[in-house]
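S.K.: File name coords_39.cif; file contents mmCIF, C-alpha atoms and all ligand atoms; full text below.
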data_target
#
loop_
_atom_site.label_atom_id
_atom_site.label_comp_id
_atom_site.auth_asym_id
_atom_site.auth_seq_id
_atom_site.Cartn_x
_atom_site.Cartn_y
_atom_site.Cartn_z
CA MET A 19 59.78 -25.00 -25.82
CA ASN A 20 59.50 -23.54 -22.33
CA TYR A 21 61.67 -20.49 -21.89
CA GLU A 22 63.00 -19.42 -18.49
CA ASN A 23 64.72 -16.19 -19.45
CA LEU A 24 62.63 -14.77 -22.24
CA LYS A 25 59.12 -14.72 -23.60
CA HIS A 26 57.97 -14.18 -27.13
CA GLU A 27 54.81 -13.61 -29.09
CA CYS A 28 54.00 -13.00 -32.72
CA ASN A 29 51.08 -11.05 -34.18
CA ASN A 30 50.58 -10.12 -37.84
CA GLY A 31 54.11 -11.18 -38.76
CA ILE A 32 55.78 -9.13 -36.00
CA ALA A 33 57.55 -11.08 -33.25
CA VAL A 34 58.41 -9.49 -29.91
CA VAL A 35 61.07 -11.22 -27.82
CA THR A 36 61.35 -9.92 -24.25
CA PHE A 37 64.17 -10.78 -21.87
CA THR A 38 62.66 -11.66 -18.49
CA ARG A 39 65.72 -12.34 -16.32
CA SER A 40 65.22 -8.99 -14.67
CA GLN A 41 66.58 -10.15 -11.28
CA ALA A 42 70.02 -10.20 -12.96
CA LEU A 43 69.29 -7.22 -15.24
CA ASN A 44 68.81 -9.68 -18.12
CA ALA A 45 72.51 -10.63 -18.09
CA LEU A 46 73.46 -13.13 -20.77
CA ASN A 47 74.48 -16.56 -19.50
CA SER A 48 74.79 -19.81 -21.50
CA LYS A 49 71.15 -20.67 -20.86
CA VAL A 50 70.00 -17.27 -22.22
CA PHE A 51 72.09 -17.81 -25.37
CA HIS A 52 70.56 -21.27 -25.75
CA GLU A 53 67.10 -19.71 -25.51
CA ILE A 54 67.89 -16.90 -27.99
CA ASN A 55 69.08 -19.54 -30.47
CA ALA A 56 65.96 -21.62 -29.84
CA VAL A 57 63.68 -18.64 -30.49
CA LEU A 58 65.57 -17.84 -33.72
CA ASP A 59 65.16 -21.50 -34.73
CA GLU A 60 61.42 -21.34 -34.03
CA TYR A 61 60.99 -18.27 -36.23
CA SER A 62 63.21 -19.60 -39.01
CA ALA A 63 60.38 -22.03 -39.68
CA MET A 64 58.03 -19.08 -40.28
CA PRO A 65 58.91 -17.68 -43.73
CA ASP A 66 56.37 -14.84 -43.57
CA LEU A 67 57.84 -13.28 -40.43
CA LYS A 68 58.21 -9.57 -41.24
CA VAL A 69 60.01 -8.00 -38.26
CA MET A 70 61.48 -9.11 -34.94
CA ILE A 71 61.83 -6.86 -31.90
CA PHE A 72 64.07 -7.46 -28.88
CA THR A 73 63.37 -5.69 -25.59
CA GLY A 74 63.89 -6.25 -21.87
CA GLU A 75 61.77 -6.39 -18.74
CA GLY A 76 62.67 -4.17 -15.79
CA LYS A 77 65.31 -1.47 -15.68
CA ALA A 78 67.68 -3.17 -18.12
CA PHE A 79 67.61 -4.07 -21.78
CA VAL A 80 70.58 -6.36 -21.14
CA ALA A 81 73.33 -5.45 -18.62
CA GLY A 82 75.97 -7.55 -20.35
CA ALA A 83 77.39 -11.03 -20.24
CA ASP A 84 76.80 -12.79 -16.93
CA ILE A 85 79.80 -11.86 -14.80
CA ALA A 86 79.01 -14.57 -12.24
CA GLU A 87 79.14 -17.26 -14.94
CA MET A 88 82.33 -15.85 -16.52
CA CYS A 89 84.23 -15.25 -13.30
CA ASP A 90 85.83 -18.71 -12.95
CA MET A 91 86.32 -19.46 -16.64
CA ASN A 92 89.77 -20.28 -18.02
CA SER A 93 91.04 -18.89 -21.36
CA GLU A 94 89.63 -21.74 -23.39
CA GLN A 95 86.18 -21.42 -21.80
CA GLY A 96 86.30 -17.62 -22.17
CA GLU A 97 87.05 -17.94 -25.88
CA LYS A 98 84.27 -20.50 -26.29
CA PHE A 99 81.79 -18.22 -24.49
CA SER A 100 82.85 -15.34 -26.72
CA LYS A 101 82.28 -17.46 -29.84
CA LEU A 102 78.85 -18.54 -28.57
CA GLY A 103 77.80 -14.88 -28.30
CA GLN A 104 79.34 -13.92 -31.64
CA ASP A 105 77.69 -16.83 -33.46
CA THR A 106 74.34 -16.02 -31.87
CA PHE A 107 74.51 -12.32 -32.77
CA ASN A 108 75.71 -13.10 -36.30
CA ARG A 109 72.40 -14.89 -36.75
CA PHE A 110 70.65 -11.53 -36.20
CA GLU A 111 72.51 -10.08 -39.19
CA GLN A 112 71.77 -13.15 -41.30
CA ALA A 113 68.06 -13.34 -40.42
CA PRO A 114 65.88 -12.61 -43.49
CA TYR A 115 63.83 -9.97 -41.63
CA PRO A 116 64.76 -6.68 -39.95
CA ILE A 117 65.41 -6.87 -36.21
CA ILE A 118 64.79 -3.80 -34.04
CA ALA A 119 66.23 -3.33 -30.55
CA ALA A 120 63.70 -1.54 -28.33
CA ILE A 121 66.08 -0.41 -25.61
CA ASN A 122 64.18 0.16 -22.40
CA GLY A 123 67.12 0.56 -19.99
CA PHE A 124 70.77 -0.44 -19.47
CA ALA A 125 72.44 -1.76 -22.63
CA LEU A 126 75.92 -2.50 -21.36
CA GLY A 127 78.75 -4.69 -22.58
CA GLY A 128 77.19 -7.75 -24.21
CA GLY A 129 73.83 -5.95 -24.03
CA CYS A 130 75.09 -3.10 -26.17
CA GLU A 131 76.66 -5.70 -28.48
CA LEU A 132 73.31 -7.48 -28.77
CA ALA A 133 71.63 -4.18 -29.63
CA MET A 134 74.31 -3.41 -32.24
CA ALA A 135 73.74 -6.76 -33.93
CA CYS A 136 70.09 -5.73 -34.41
CA ASP A 137 69.42 -3.81 -37.63
CA PHE A 138 68.58 -0.60 -35.82
CA ARG A 139 67.85 0.71 -32.37
CA VAL A 140 65.12 2.76 -30.70
CA ALA A 141 65.80 3.88 -27.13
CA SER A 142 63.72 5.02 -24.20
CA THR A 143 64.94 8.22 -22.57
CA PHE A 144 65.84 5.92 -19.60
CA ALA A 145 68.31 3.89 -21.67
CA LYS A 146 72.02 3.95 -20.85
CA PHE A 147 74.76 2.61 -23.08
CA GLY A 148 78.33 1.56 -22.45
CA GLN A 149 81.08 -0.95 -22.97
CA PRO A 150 82.33 -1.40 -19.39
CA GLU A 151 84.56 -4.44 -20.07
CA VAL A 152 87.77 -2.57 -19.19
CA ASN A 153 86.36 -2.02 -15.67
CA LEU A 154 86.56 -5.81 -15.36
CA GLY A 155 89.99 -6.11 -16.96
CA LEU A 156 88.38 -7.50 -20.12
CA ILE A 157 87.77 -6.48 -23.70
CA PRO A 158 84.45 -7.04 -25.48
CA GLY A 159 83.88 -10.58 -26.69
CA TYR A 160 80.70 -10.28 -28.76
CA ALA A 161 82.16 -8.13 -31.55
CA ALA A 162 81.88 -4.60 -30.14
CA THR A 163 85.44 -3.98 -31.35
CA GLN A 164 84.14 -4.62 -34.87
CA ARG A 165 80.53 -3.36 -34.86
CA LEU A 166 80.91 -0.27 -32.68
CA PRO A 167 83.47 1.50 -34.96
CA ARG A 168 81.36 0.63 -38.00
CA ILE A 169 78.33 2.27 -36.36
CA VAL A 170 79.79 5.30 -34.53
CA GLY A 171 83.24 5.74 -36.12
CA ILE A 172 86.60 4.70 -34.74
CA SER A 173 87.16 7.60 -32.33
CA ASN A 174 83.74 7.40 -30.70
CA ALA A 175 84.21 3.62 -30.45
CA LEU A 176 87.64 3.90 -28.83
CA TYR A 177 86.33 6.58 -26.46
CA LEU A 178 83.52 4.28 -25.27
CA LEU A 179 85.69 1.14 -25.18
CA CYS A 180 88.68 2.72 -23.39
CA THR A 181 86.84 4.87 -20.82
CA ALA A 182 83.88 2.53 -20.11
CA ASP A 183 81.83 5.73 -19.77
CA MET A 184 78.09 5.14 -19.60
CA ILE A 185 76.27 7.44 -22.01
CA THR A 186 72.70 8.64 -22.14
CA ALA A 187 70.20 7.98 -24.91
CA ASP A 188 70.75 11.57 -26.11
CA GLU A 189 74.48 11.02 -26.48
CA ALA A 190 73.86 7.67 -28.17
CA LEU A 191 71.56 9.42 -30.65
CA ARG A 192 74.21 12.07 -31.39
CA MET A 193 76.75 9.34 -32.12
CA GLY A 194 74.34 7.43 -34.34
CA LEU A 195 74.26 4.45 -31.98
CA VAL A 196 70.46 4.75 -31.81
CA GLN A 197 68.14 6.02 -34.51
CA LYS A 198 65.36 7.42 -32.33
CA ILE A 199 64.54 8.25 -28.70
CA VAL A 200 61.07 8.12 -27.19
CA GLU A 201 59.48 8.51 -23.77
CA PRO A 202 59.59 5.19 -21.83
CA GLU A 203 55.81 4.69 -21.85
CA LYS A 204 55.72 5.16 -25.64
CA LEU A 205 58.65 2.86 -26.46
CA MET A 206 56.80 -0.27 -27.53
CA GLU A 207 53.98 1.70 -29.20
CA GLU A 208 56.54 3.59 -31.31
CA VAL A 209 58.54 0.48 -32.17
CA MET A 210 55.40 -1.49 -33.06
CA ALA A 211 54.26 1.36 -35.32
CA MET A 212 57.67 1.29 -37.02
CA ALA A 213 57.50 -2.50 -37.38
CA ASN A 214 54.01 -2.23 -38.90
CA ARG A 215 55.25 0.36 -41.39
CA ILE A 216 58.02 -2.02 -42.45
CA ALA A 217 55.57 -4.94 -42.57
CA SER A 218 53.36 -2.99 -45.01
CA LYS A 219 56.18 -2.62 -47.60
CA GLY A 220 57.10 -5.05 -50.34
CA PRO A 221 58.17 -8.12 -48.33
CA LYS A 222 60.72 -9.39 -50.85
CA ALA A 223 62.18 -5.87 -51.19
CA VAL A 224 62.61 -5.53 -47.41
CA LYS A 225 64.40 -8.90 -47.20
CA LYS A 226 66.67 -8.01 -50.11
CA ILE A 227 67.45 -4.56 -48.68
CA LYS A 228 68.63 -6.15 -45.44
CA TYR A 229 70.68 -8.78 -47.28
CA VAL A 230 72.38 -6.40 -49.73
CA THR A 231 72.98 -3.63 -47.16
CA ARG A 232 74.44 -6.09 -44.62
CA GLN A 233 76.85 -7.32 -47.32
CA SER A 234 78.39 -3.82 -47.42
CA ALA A 235 80.35 -4.74 -44.27
CA TYR A 236 81.99 -7.70 -45.99
CA VAL A 237 82.43 -6.94 -49.70
CA ASP A 238 84.03 -4.11 -51.69
CA PHE A 239 81.95 -1.34 -53.31
CA LYS A 240 82.04 -2.87 -56.79
CA THR A 241 80.98 -6.33 -55.60
CA GLY A 242 78.25 -4.79 -53.45
CA SER A 243 76.96 -2.67 -56.33
CA GLU A 244 76.86 -5.72 -58.61
CA LEU A 245 74.91 -7.60 -55.96
CA GLU A 246 72.50 -4.65 -55.71
CA SER A 247 71.88 -4.67 -59.48
CA LYS A 248 71.25 -8.40 -59.46
CA GLU A 249 68.77 -8.22 -56.55
CA PHE A 250 67.15 -5.07 -58.00
CA GLY A 251 66.58 -6.92 -61.27
CA SER A 252 65.15 -9.95 -59.48
CA LEU A 253 62.17 -7.86 -58.29
CA PHE A 254 61.05 -6.97 -61.81
CA GLY A 255 58.22 -9.06 -63.19
CA ASN A 256 56.97 -9.88 -59.69
CA GLU A 257 56.74 -7.78 -56.52
CA GLY A 258 58.30 -4.70 -58.16
CA ALA A 259 55.87 -4.96 -61.08
CA GLU A 260 52.93 -4.96 -58.66
CA GLY A 261 54.33 -2.04 -56.62
CA MET A 262 54.92 0.14 -59.67
CA LYS A 263 51.58 -0.80 -61.27
CA ALA A 264 49.76 0.03 -58.00
CA PHE A 265 51.46 3.45 -57.92
CA LEU A 266 50.37 4.23 -61.48
CA GLU A 267 46.84 2.97 -60.81
CA LYS A 268 46.69 5.02 -57.57
CA ARG A 269 45.87 2.04 -55.37
CA LYS A 270 47.52 0.08 -52.57
CA PRO A 271 49.82 -2.69 -53.77
CA ASN A 272 48.62 -6.22 -53.32
CA TRP A 273 51.81 -8.00 -52.29
N1 LIG A 301 76.21 -10.14 -14.82
C1 LIG A 301 75.68 -10.77 -13.75
N2 LIG A 301 74.85 -10.16 -12.88
C2 LIG A 301 74.56 -8.86 -13.09
C3 LIG A 301 75.08 -8.14 -14.20
C4 LIG A 301 75.94 -8.84 -15.09
N3 LIG A 301 76.45 -8.28 -16.19
N4 LIG A 301 74.61 -6.88 -14.13
C5 LIG A 301 73.83 -6.81 -13.04
N5 LIG A 301 73.79 -8.00 -12.41
C6 LIG A 301 73.08 -8.36 -11.19
C7 LIG A 301 73.72 -7.74 -9.96
O1 LIG A 301 74.81 -8.55 -9.52
C8 LIG A 301 72.57 -7.73 -8.98
O2 LIG A 301 72.39 -9.02 -8.47
P1 LIG A 301 72.04 -9.24 -6.89
O3 LIG A 301 70.71 -8.56 -6.71
O4 LIG A 301 71.98 -10.71 -6.76
O5 LIG A 301 73.13 -8.58 -6.13
C9 LIG A 301 71.36 -7.44 -9.89
O6 LIG A 301 71.78 -7.78 -11.21
C10 LIG A 301 70.94 -6.00 -9.88
O7 LIG A 301 72.08 -5.21 -10.20
P2 LIG A 301 72.59 -3.98 -9.30
O8 LIG A 301 72.16 -4.17 -7.89
O9 LIG A 301 74.05 -3.81 -9.55
O10 LIG A 301 71.75 -2.80 -9.95
P3 LIG A 301 72.13 -1.24 -9.93
O11 LIG A 301 70.92 -0.54 -10.44
O12 LIG A 301 72.70 -0.84 -8.64
O13 LIG A 301 73.31 -1.09 -11.03
C11 LIG A 301 74.34 -1.50 -13.19
C12 LIG A 301 73.03 -1.32 -12.39
C13 LIG A 301 75.08 -0.16 -13.20
C14 LIG A 301 73.96 -1.90 -14.59
C15 LIG A 301 75.22 -2.56 -12.49
O14 LIG A 301 74.42 -3.72 -12.26
C16 LIG A 301 76.40 -2.99 -13.30
O15 LIG A 301 77.39 -2.26 -13.37
N6 LIG A 301 76.34 -4.19 -13.92
C17 LIG A 301 77.44 -4.75 -14.66
C18 LIG A 301 77.52 -4.13 -16.03
C19 LIG A 301 78.70 -4.68 -16.78
O16 LIG A 301 79.84 -4.57 -16.37
N7 LIG A 301 78.42 -5.28 -17.95
C20 LIG A 301 79.44 -5.82 -18.79
C21 LIG A 301 79.68 -7.24 -18.47
S1 LIG A 301 81.05 -7.89 -19.36
C22 LIG A 301 80.45 -8.16 -20.90
O17 LIG A 301 79.31 -7.95 -21.19
C23 LIG A 301 81.44 -8.69 -21.86
C24 LIG A 301 80.76 -9.28 -23.08
C25 LIG A 301 81.67 -10.19 -23.81
C26 LIG A 301 81.90 -11.45 -23.04
C27 LIG A 301 82.78 -12.36 -23.79
C28 LIG A 301 82.70 -13.79 -23.26
C29 LIG A 301 83.89 -14.23 -22.56
#
Can you dump the structure from the file as C-alpha cells?
Ligand code: CO8

M.R.:
Amino acid sequence: MNYENLKHECNNGIAVVTFTRSQALNALNSKVFHEINAVLDEYSAMPDLKVMIFTGEGKAFVAGADIAEMCDMNSEQGEKFSKLGQDTFNRFEQAPYPIIAAINGFALGGGCELAMACDFRVASTFAKFGQPEVNLGLIPGYAATQRLPRIVGISNALYLLCTADMITADEALRMGLVQKIVEPEKLMEEVMAMANRIASKGPKAVKKIKYVTRQSAYVDFKTGSELESKEFGSLFGNEGAEGMKAFLEKRKPNW
C-alpha cells in the first residue's frame, strides 16, 4: 500500500513507523488512522516481528487529533471519530510485540494518547507533552482519561487534563510518563539499541510478558496471578528450557 502520512521499514524484526505529515505537525485525521490500521495489518502477517517503534518527522511526534477535520463534526461524528482512535490505539496494546514511542517533539492531545497506548516511551529533550483538549472546550477522546491516571496517578492526570499545561520531557520523566530522555540526535540510536536488546531475548517470553502485564489493567490480582502461572508454565520444555540450559552451559541461548 502507498502511504501518504507515514512511512515504515523493517530490519531484523524491528519495524519503524514514522509519521510524515509534518506540515500539520503529524495531526491525526481519518486518513492517518486508516494508514495506522493498514500498517498494523501489514505487520500482523509477520509473526516474527519483535518490536515496533513509532516516531514523527519534524518538530512534532503527533500534535493531536486534526482540529480542522473535527471542527464541523456533530456529536454522532465526534463519538465515531473518538471510537476510531480508541479502537486503533487498543490494537497497540493487543499487538503481540512491544511498541516503543520515540518521542521527538510535541506529543499533545491525541498524540500523547497515541504515545500512552505504546508499551513505553523514550523522549528527546525537545519533546513536550500535554492534554490541551480543555483549551478547545473538549475532553480527550482517545482514552487519556483512562490511560493517563493509570500511568501517572490520578492527581497528576487531573492536573494535566484540567490545566492543559504543556510539560517538558524532564517533568514527564518525573511523573513516569516517559521512561528515558535522550539528546535529540541520539533518540533513534538509543531506541534502536533498546529494541535490539528486547529482540535478543526469548521471543515467546517477551510476547507473554506483554500479554500478561497488559491484562493487569483489566483483571483482578488473583486472576492475573493465575494467568501468570499458566503462561510461566507454558515456557517450560521449550524456550525456557533452552534459556536455562544455555545459562548453565555458559553459552548464548539458541532461541
Ligand atoms: N490539528 C490540525 N492542525 C494542526 C494541529 C492539530 N492538532 N496542530 C498543529 N496544526 C497545524 C497548524 O494549524 C499549522 O498549520 P498551518 O501552517 O496551515 O497554519 C501547522 O500545523 C503548524 O502549527 P503551528 O504554526 O501552530 O506551529 P507552532 O510551532 O507555532 O505551535 C503547537 C505548535 C503549540 C503544537 C500548536 O500547533 C498547537 O497548539 N497545536 C494544537 C495542539 C492541540 O490542541 N492538540 C490537541 C488537539 S485535540 C485532541 O487531540 C483530542 C483527541 C481526541 C479526539 C476525539 C475525537 C473526537

S.K.: Rounded to one decimal place, report the CA of Ile121 in chain A-CA of Leu67 in chain A distance in Å.

M.R.: 21.3 Å

S.K.: Per residue of chain A within 8 Å of ligand LIG 301 (chain A), what are the shortest atom pair and its distance in Å to one decimal, counting all atoms listed in the file, with rows by chain and residue number, as JSON lines?

M.R.:
{"residue": "A:Ser40", "atom": "CA", "partner": "A:LIG301", "partner_atom": "O6", "distance": 7.5}
{"residue": "A:Gln41", "atom": "CA", "partner": "A:LIG301", "partner_atom": "C9", "distance": 5.7}
{"residue": "A:Ala42", "atom": "CA", "partner": "A:LIG301", "partner_atom": "O6", "distance": 3.5}
{"residue": "A:Leu43", "atom": "CA", "partner": "A:LIG301", "partner_atom": "O6", "distance": 4.8}
{"residue": "A:Asn44", "atom": "CA", "partner": "A:LIG301", "partner_atom": "C3", "distance": 7.6}
{"residue": "A:Ala45", "atom": "CA", "partner": "A:LIG301", "partner_atom": "C4", "distance": 4.9}
{"residue": "A:Leu46", "atom": "CA", "partner": "A:LIG301", "partner_atom": "N1", "distance": 7.2}
{"residue": "A:Lys77", "atom": "CA", "partner": "A:LIG301", "partner_atom": "O11", "distance": 7.7}
{"residue": "A:Ala78", "atom": "CA", "partner": "A:LIG301", "partner_atom": "C14", "distance": 7.3}
{"residue": "A:Val80", "atom": "CA", "partner": "A:LIG301", "partner_atom": "N3", "distance": 7.9}
{"residue": "A:Ala81", "atom": "CA", "partner": "A:LIG301", "partner_atom": "N3", "distance": 4.9}
{"residue": "A:Gly82", "atom": "CA", "partner": "A:LIG301", "partner_atom": "O17", "distance": 3.5}
{"residue": "A:Ala83", "atom": "CA", "partner": "A:LIG301", "partner_atom": "O17", "distance": 3.8}
{"residue": "A:Asp84", "atom": "CA", "partner": "A:LIG301", "partner_atom": "N1", "distance": 3.4}
{"residue": "A:Ile85", "atom": "CA", "partner": "A:LIG301", "partner_atom": "N1", "distance": 4.0}
{"residue": "A:Ala86", "atom": "CA", "partner": "A:LIG301", "partner_atom": "C1", "distance": 5.3}
{"residue": "A:Glu87", "atom": "CA", "partner": "A:LIG301", "partner_atom": "C1", "distance": 7.5}
{"residue": "A:Met88", "atom": "CA", "partner": "A:LIG301", "partner_atom": "C29", "distance": 6.4}
{"residue": "A:Gln95", "atom": "CA", "partner": "A:LIG301", "partner_atom": "C29", "distance": 7.6}
{"residue": "A:Gly96", "atom": "CA", "partner": "A:LIG301", "partner_atom": "C29", "distance": 4.2}
{"residue": "A:Glu97", "atom": "CA", "partner": "A:LIG301", "partner_atom": "C29", "distance": 5.9}
{"residue": "A:Lys98", "atom": "CA", "partner": "A:LIG301", "partner_atom": "C29", "distance": 7.3}
{"residue": "A:Phe99", "atom": "CA", "partner": "A:LIG301", "partner_atom": "C28", "distance": 4.7}
{"residue": "A:Ser100", "atom": "CA", "partner": "A:LIG301", "partner_atom": "C28", "distance": 3.8}
{"residue": "A:Lys101", "atom": "CA", "partner": "A:LIG301", "partner_atom": "C28", "distance": 7.5}
{"residue": "A:Gly103", "atom": "CA", "partner": "A:LIG301", "partner_atom": "C28", "distance": 7.1}
{"residue": "A:Phe124", "atom": "CA", "partner": "A:LIG301", "partner_atom": "C14", "distance": 6.0}
{"residue": "A:Leu126", "atom": "CA", "partner": "A:LIG301", "partner_atom": "N7", "distance": 5.1}
{"residue": "A:Gly127", "atom": "CA", "partner": "A:LIG301", "partner_atom": "O17", "distance": 3.6}
{"residue": "A:Gly128", "atom": "CA", "partner": "A:LIG301", "partner_atom": "O17", "distance": 3.7}
{"residue": "A:Gly129", "atom": "CA", "partner": "A:LIG301", "partner_atom": "O17", "distance": 6.5}
{"residue": "A:Glu131", "atom": "CA", "partner": "A:LIG301", "partner_atom": "C24", "distance": 7.7}
{"residue": "A:Gln149", "atom": "CA", "partner": "A:LIG301", "partner_atom": "C20", "distance": 6.6}
{"residue": "A:Pro150", "atom": "CA", "partner": "A:LIG301", "partner_atom": "O16", "distance": 5.0}
{"residue": "A:Glu151", "atom": "CA", "partner": "A:LIG301", "partner_atom": "S1", "distance": 5.0}
{"residue": "A:Asn153", "atom": "CA", "partner": "A:LIG301", "partner_atom": "O16", "distance": 7.0}
{"residue": "A:Leu154", "atom": "CA", "partner": "A:LIG301", "partner_atom": "O16", "distance": 6.9}
{"residue": "A:Leu156", "atom": "CA", "partner": "A:LIG301", "partner_atom": "C23", "distance": 7.3}
{"residue": "A:Ile157", "atom": "CA", "partner": "A:LIG301", "partner_atom": "C23", "distance": 7.0}
{"residue": "A:Pro158", "atom": "CA", "partner": "A:LIG301", "partner_atom": "C25", "distance": 4.5}
{"residue": "A:Gly159", "atom": "CA", "partner": "A:LIG301", "partner_atom": "C27", "distance": 3.6}
{"residue": "A:Tyr160", "atom": "CA", "partner": "A:LIG301", "partner_atom": "C25", "distance": 5.0}

S.K.: At what distance in Å, to one decimal, does CA of Gly74 in chain A lie from CA of Asp188 in chain A?

M.R.: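 Interatomic distance, CA of Asp188 in chain A to CA of Gly74 in chain A: 19.6 Å.
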
S.K.: Could you give me, as a list in words, the residues within 10 Å of Lys146 in chain A, counting only C-alpha atoms and dropping anything in the same chain fewer than 3 positions from it?

M.R.: Ala78, Phe79, Ala81, Ile121, Asn122, Gly123, Phe124, Ala125, Leu126, Cys130, Ala141, Ser142, Thr143, Met184, Ile185, Thr186, Ala187, Asp188, Glu189 and Ala190 of chain A

S.K.: Find the distance between CA of Glu244 in chain A and CA of Thr231 in chain A and write it in Å to one decimal.

M.R.: 12.3 Å

S.K.: Out of A:Leu58, A:Met70, A:Ala63, A:Ala120, which residue has the shortest atom-to-atom distance to Leu205 in chain A when counting all atoms listed in the file?

M.R.: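 Closest residue, counting all atoms listed in the file: A:Ala120.
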
S.K.: Which residue is closest to Val196 in chain A? Choose from A:Lys225, A:Arg139, A:Arg39, A:His52 and count only C-alpha atoms.

M.R.: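 For Val196 in chain A, the nearest of the given residues is A:Arg139.
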
S.K.: Find, counting only C-alpha atoms, the residue in A:Val209, A:Cys28, A:Ile216, A:Val34 that gets nearest to Pro116 in chain A.

M.R.: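 The answer is A:Ile216, which sits nearest to Pro116 in chain A.
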
S.K.: Determine the nearest neighbour of Tyr229 in chain A from the options A:Phe265, A:Trp273, A:Tyr177, A:Tyr115, counting only C-alpha atoms.

M.R.: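 Closest to Tyr229 in chain A, using only C-alpha atoms: A:Tyr115.
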